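Some notes on the structure that comes next.
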Amino acid sequence: MRTVSPAEMKRRAMMRRRILVGRTLKKGEVLSASDLEFKRPGTGIGPDEAKYVVGRRLTRDVEPEHELEWTDLE
């Protein structure tokens, strides 16, 4: 099996998608699938975790293109 180089690992991290919000949302709003966008690059919550994000409440106001973090969710 081939070994992945450090440079390849760095590029791989840059190509991963992350969950962003698509519109302004207020603290306490419940996230729905239509509120989410998936873009790259990013360092927040990955799209494979979207099922755990939908239905959760926000802990703060967020603007469009905000990259979601677990601390943003109740």
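If you're wondering about the labels, chains in the structure tokens are A, B, ... by order shown, residues count from 1 in each chain, ligands from 1 in order shown.
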
- Among chain A, which ones does DSSP place in helix (DSSP H, G or I), written as a ChimeraX atom specification? /A:6-15,33-35,47-53,70-72

- Excluding same-chain residues fewer than 2 positions from Lys51 of chain A, what lies within 12 Å of it counting only C-alpha atoms, as a list in words?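 Near Lys51 of chain A, the qualifying residues are Ile19, Leu31, Ser32, Ala33, Leu36, Ile45, Gly46, Pro47, Asp48, Glu49, Val53, Val54, Gly55 and Arg56 of chain A.
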
Please, could you write that set of residues out with C-alpha atoms as an mmCIF file, in the first residue's frame?
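Output file result_26.cif follows:
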data_model
loop_
_atom_site.group_PDB
_atom_site.id
_atom_site.type_symbol
_atom_site.label_atom_id
_atom_site.label_comp_id
_atom_site.auth_asym_id
_atom_site.auth_seq_id
_atom_site.Cartn_x
_atom_site.Cartn_y
_atom_site.Cartn_z
ATOM 1 C CA ILE A 19 -21.179 22.807 6.440
ATOM 2 C CA LEU A 31 -31.634 24.220 11.646
ATOM 3 C CA SER A 32 -33.246 22.480 8.689
ATOM 4 C CA ALA A 33 -31.566 20.830 5.709
ATOM 5 C CA LEU A 36 -27.239 24.207 5.069
ATOM 6 C CA ILE A 45 -18.279 20.286 10.646
ATOM 7 C CA GLY A 46 -18.092 17.910 7.671
ATOM 8 C CA PRO A 47 -21.090 17.043 5.473
ATOM 9 C CA ASP A 48 -21.070 13.488 6.802
ATOM 10 C CA GLU A 49 -22.242 14.978 10.132
ATOM 11 C CA VAL A 53 -26.856 19.125 12.726
ATOM 12 C CA VAL A 54 -30.410 19.190 11.315
ATOM 13 C CA GLY A 55 -32.943 19.733 14.091
ATOM 14 C CA ARG A 56 -30.458 21.354 16.495
#

- Among listed residues A:Lys39, A:Arg12, A:Tyr52, A:Asp61, nearest Thr24 of chain A (using only C-alpha atoms): A:Asp61

- Residue nearest Leu73 of chain A - candidates A:Pro6, A:Gly42, A:Arg57, A:Val30, atoms counted: only C-alpha atoms: A:Arg57

- Item | Within 12 Å of Thr59 of chain A using only C-alpha atoms, minus same-chain residues under 4 positions, as a list of chain:residue names | A:Leu25, A:Lys26, A:Lys27, A:Gly28, A:Glu29, A:Val30, A:Leu31, A:Leu68, A:Glu69, A:Trp70, A:Thr71, A:Asp72, A:Leu73, A:Glu74
